[in-house]
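Below is one structure, written out as structure tokens; the observations come after it.
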Amino acid sequence: MRFQAEVIVSLKKGVLDPQGSAVEGAIKSLGYEGVGQVRFGKHITLVVEAGSREAAEALVADLCKRILSNPVMETFTFTVTEVA
Amino acid sequence: MRFGVTVFPGTNCEMDTFYAIREAIGEQADYVWHQDRDLSHYDAILIAGGFSYGDYLRTGAIARFAPVMDAIAEFAAKGGLVLGICNGFQILTEAGLLPGALQRNAHLKFRCSWVHLRVENADTPFTGGCRPGQVLRIPVNHGEGNYFADPDTLRELNENNQILFRYCTADGEVTPEASPNGSLENIAGIINKAGNVAGMMPHPERACEPILGSADGRYLLTSMVNFLTGRASHV
């Protein structure tokens with residue numbers, strides 16, 4: 001079975017995000033009000049082959065922990081959808 | 001002494017590092033390819049700076065999985081000296097051989113400039129030739145050198161004297177303005193608990209001869225040689 005996985009990697013709360021701050025500054029300089037807490041992350045898609053949905057989720061979780069995120073400063077979430 | 005200087009695709013400081021060892025301090029050096037697995041000829045390993053694998057995903061994140069990194073982890077576990085410079089520091093944190101992580105510089109600017117470093121621990125194989133509190137002048141060249149660690153790790157680093165260098169003024173004062181990147185507590189370099197694996201963002205190999213503007217980087221290399229020579233004579 002083939003599964004499409006969508007992974008989102010985010011900076012942990014409290015970890016400084018200079019890129020987010022810079023873009024937030026730009027948003028403010030455009031004149032928008034009431035916009036804040038801009039944080040950047042990564043959106044990663046991949047297709048995995050696995051025997052079951054559970055196996056696909058376990059595989060993606062393993063990839064997230066071992067390479068796609070750095071647990072020192074990042075967290076991750078993902079979804080897995082079966083594809084033809 | 002024979003130093004191994006690692007080369008990954010995208011490493012770009014290996015020749016300067018090689019030169020510093022051979023010409024500035026007169027020791028032996030070889031390049032170590034990222035596919036190599038045998039480090040048995042070496043007394044110490046230098047992980048040279050650059051942009052391994054284009055710094056894709058995160059700095060050092062992909063280099064960490066190269067075969068040579070297993071060999072370096074084994075070399076370090078046996079007590080071998082490993083120094084990661086700039087991208088080498090980033091690789092060592094990704095590999096879990098040093099705690100913490102290097103983030104984007106707080107102001108988002110790539111910094112290529114001279115900085116001053118205060119020697120916080122002069123009782124290590126990498127700083128044994130320095131005086132405690134000595135101020136070294138060595139350049140930095142990075143976009144992601146902003147050291148980050150969680151509060152527990154930071155406390156542990158301080159308690160175990162694992163902070164090697166902090167960014168400081170020319171007079172040795174540690175101020176926020178003296179830091180080129182916004183690092184926590186102005187941290188510029190750290191050492192592992194066992195005391196044989198170190199990482200630093202500044203480039204000692206670029207400050208090994210007076211003609212380059214400073215020879216302070218030699219302290220790192222000569223300290224390593226003196227440590228290894230002393231250890232050899234005690235075996």
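Identifiers in the structure tokens: chain A, B, ... in order shown; residue index from 1 per chain; ligand index from 1 in order shown.
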
When DSSP is applied to the backbone of this structure, which of chain A are assigned helix (DSSP H, G or I)? Write them out as a tab-separated table (two decimals) with N, CA and C atoms, in the first residue's frame.
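Result file states-v8.tsv:
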chain	number	residue	atom	x	y	z
A	18	PRO	N	13.85	34.24	14.17
A	18	PRO	CA	14.18	35.54	13.57
A	18	PRO	C	13.49	35.76	12.23
A	19	GLN	N	13.28	34.67	11.48
A	19	GLN	CA	12.62	34.79	10.18
A	19	GLN	C	11.16	35.22	10.39
A	20	GLY	N	10.50	34.60	11.37
A	20	GLY	CA	9.12	34.98	11.71
A	20	GLY	C	9.05	36.43	12.14
A	21	SER	N	10.02	36.86	12.97
A	21	SER	CA	10.01	38.25	13.46
A	21	SER	C	10.19	39.22	12.31
A	22	ALA	N	11.09	38.85	11.36
A	22	ALA	CA	11.35	39.76	10.23
A	22	ALA	C	10.08	39.93	9.38
A	23	VAL	N	9.40	38.81	9.14
A	23	VAL	CA	8.19	38.88	8.30
A	23	VAL	C	7.08	39.61	9.05
A	24	GLU	N	7.02	39.39	10.37
A	24	GLU	CA	6.02	40.10	11.17
A	24	GLU	C	6.26	41.62	11.07
A	25	GLY	N	7.53	42.00	11.10
A	25	GLY	CA	7.87	43.42	10.95
A	25	GLY	C	7.39	43.95	9.60
A	26	ALA	N	7.58	43.13	8.56
A	26	ALA	CA	7.17	43.56	7.21
A	26	ALA	C	5.65	43.69	7.13
A	27	ILE	N	4.95	42.76	7.78
A	27	ILE	CA	3.48	42.81	7.79
A	27	ILE	C	3.02	44.12	8.45
A	28	LYS	N	3.65	44.43	9.58
A	28	LYS	CA	3.28	45.67	10.29
A	28	LYS	C	3.59	46.88	9.43
A	29	SER	N	4.73	46.83	8.72
A	29	SER	CA	5.10	48.00	7.93
A	29	SER	C	4.17	48.18	6.73
A	53	ARG	N	-1.78	1.17	7.44
A	53	ARG	CA	-1.73	2.57	7.86
A	53	ARG	C	-0.86	2.74	9.11
A	54	GLU	N	-1.02	1.80	10.04
A	54	GLU	CA	-0.24	1.88	11.29
A	54	GLU	C	1.26	1.82	10.97
A	55	ALA	N	1.60	0.90	10.06
A	55	ALA	CA	3.02	0.75	9.71
A	55	ALA	C	3.53	2.03	9.03
A	56	ALA	N	2.69	2.64	8.19
A	56	ALA	CA	3.09	3.88	7.51
A	56	ALA	C	3.29	5.00	8.54
A	57	GLU	N	2.38	5.06	9.51
A	57	GLU	CA	2.51	6.11	10.53
A	57	GLU	C	3.76	5.92	11.37
A	58	ALA	N	4.05	4.64	11.68
A	58	ALA	CA	5.25	4.36	12.49
A	58	ALA	C	6.50	4.75	11.71
A	59	LEU	N	6.50	4.46	10.41
A	59	LEU	CA	7.65	4.79	9.57
A	59	LEU	C	7.85	6.31	9.50
A	60	VAL	N	6.76	7.03	9.27
A	60	VAL	CA	6.87	8.49	9.15
A	60	VAL	C	7.31	9.10	10.49
A	61	ALA	N	6.78	8.58	11.59
A	61	ALA	CA	7.18	9.10	12.91
A	61	ALA	C	8.67	8.89	13.12
A	62	ASP	N	9.16	7.73	12.69
A	62	ASP	CA	10.58	7.43	12.83
A	62	ASP	C	11.43	8.42	12.01
A	63	LEU	N	10.98	8.66	10.77
A	63	LEU	CA	11.70	9.62	9.91
A	63	LEU	C	11.70	11.02	10.53
A	64	CYS	N	10.56	11.41	11.09
A	64	CYS	CA	10.46	12.73	11.71
A	64	CYS	C	11.45	12.85	12.87
A	65	LYS	N	11.52	11.80	13.68
A	65	LYS	CA	12.42	11.86	14.85
A	65	LYS	C	13.87	11.81	14.44
A	66	ARG	N	14.20	10.99	13.43
A	66	ARG	CA	15.62	10.76	13.12
A	66	ARG	C	16.23	11.79	12.19
A	67	ILE	N	15.44	12.30	11.25
A	67	ILE	CA	16.08	13.23	10.29
A	67	ILE	C	15.26	14.48	10.00
A	68	LEU	N	13.93	14.37	9.88
A	68	LEU	CA	13.18	15.52	9.38
A	68	LEU	C	13.09	16.66	10.39

Skipping near chain neighbours, those fewer than 5 positions away, what residues fall within 7 Å of Leu117 of chain B using only C-alpha atoms, listed as a compact mmCIF listing (two decimals) with N, CA and C atoms, in the first residue's frame?
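Listed below is the output, selection.txt:
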# COMPACT_ATOMS: atom_id res chain seq x y z
N VAL B 135 41.81 36.42 25.94
CA VAL B 135 40.95 36.86 24.83
C VAL B 135 41.65 36.51 23.51
N LEU B 136 40.97 35.73 22.68
CA LEU B 136 41.52 35.36 21.38
C LEU B 136 40.79 36.13 20.28
N ARG B 137 41.51 36.46 19.22
CA ARG B 137 40.91 37.17 18.10
C ARG B 137 40.91 36.21 16.91
N PHE B 165 34.35 28.81 24.95
CA PHE B 165 34.53 30.21 24.57
C PHE B 165 33.21 30.95 24.60
N ARG B 166 33.30 32.24 25.00
CA ARG B 166 32.14 33.14 24.82
C ARG B 166 32.60 34.34 24.00
N TYR B 167 31.70 34.85 23.16
CA TYR B 167 31.99 36.09 22.43
C TYR B 167 32.12 37.21 23.43
N CYS B 168 33.13 38.06 23.25
CA CYS B 168 33.37 39.14 24.21
C CYS B 168 33.93 40.36 23.48

Residue contacts of segment 220-227 of chain B (7 Å, only C-alpha atoms) excluding same-chain residues fewer than 4 positions away, as an mmCIF file with C-alpha atoms, in the first residue's frame:
data_model
loop_
_atom_site.group_PDB
_atom_site.id
_atom_site.type_symbol
_atom_site.label_atom_id
_atom_site.label_comp_id
_atom_site.auth_asym_id
_atom_site.auth_seq_id
_atom_site.Cartn_x
_atom_site.Cartn_y
_atom_site.Cartn_z
ATOM 1 C CA MET B 1 50.838 13.914 15.086
ATOM 2 C CA PRO B 125 42.857 19.334 25.255
ATOM 3 C CA PHE B 126 41.774 22.173 22.944
ATOM 4 C CA THR B 127 42.591 25.148 25.173
ATOM 5 C CA GLY B 128 45.379 23.831 27.426
ATOM 6 C CA GLY B 129 47.822 26.344 25.931
ATOM 7 C CA ARG B 231 49.336 11.634 26.674
#

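Remark: for chain B, the closest of the candidate residues A:Phe40, A:Glu82, A:Phe3, A:Glu49 is A:Phe40 (distances computed over only C-alpha atoms).
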
Residues at most 8 Å from Ala24 of chain B, counting only C-alpha atoms, excluding those fewer than 6 positions away in the same chain, as a short mmCIF file (atom, residue, chain, number, x, y, z; two decimals) with N, CA and C atoms, in the first residue's frame?
data_model
loop_
_atom_site.label_atom_id
_atom_site.label_comp_id
_atom_site.auth_asym_id
_atom_site.auth_seq_id
_atom_site.Cartn_x
_atom_site.Cartn_y
_atom_site.Cartn_z
N CYS B 208 45.92 31.62 11.80
CA CYS B 208 47.07 30.82 12.24
C CYS B 208 48.41 31.43 11.88
N GLU B 209 48.41 32.61 11.28
CA GLU B 209 49.67 33.26 10.93
C GLU B 209 49.44 34.76 11.05
N ARG B 218 46.18 29.33 16.38
CA ARG B 218 47.18 28.28 16.64
C ARG B 218 47.06 27.70 18.02
#

Exercise answer, chain B residues close to chain A, 9 Å and only C-alpha atoms, as a list in words: Leu57, Arg58, Ala61, Ile62, Glu94, Pro99, Gly100, Ala101, Gln103, Arg104, Asn105, Ala106, His107, Leu108, Phe148, Ala149 and Asp150 of chain B

Among the residues A:Leu30, A:Val38, A:Val7, A:Val47, the one that comes closest to Ala84 of chain A [using only C-alpha atoms]: A:Val47

Of the listed residues B:Ile25, B:Leu83, B:Val32, B:Met15, that which approaches Met200 of chain B most closely, counting only C-alpha atoms: B:Leu83

DSSP strand (DSSP E or B) residues within chain A, listed as an MDAnalysis selection string: chainID A and resid 2:11 41:49 74:83

Surrounding residues of Ala20 of chain B excluding itself and chain neighbours under 3 positions, 12 Å, only C-alpha atoms, as an MDAnalysis selection string: chainID B and resid 3 5 13:17 23:29 46 48 203:209 212 215:222

Nearest candidate to Asp30 of chain B (options B:Ala44, B:Ala71, B:Val174, B:Leu81; using only C-alpha atoms):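 Residue with the minimum atom-to-atom distance to Asp30 of chain B: B:Ala44.
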
Best match for closeness to Ile8 of chain A among A:Val83, A:Leu46, A:Val35, A:Ser52, counting only C-alpha atoms: A:Leu46

Shell around segment 120-123 of chain B at 10 Å using only C-alpha atoms, local window under 5 positions removed, as a ChimeraX atom specification: /B:128-135,158,161-166,187,189-191,195,223
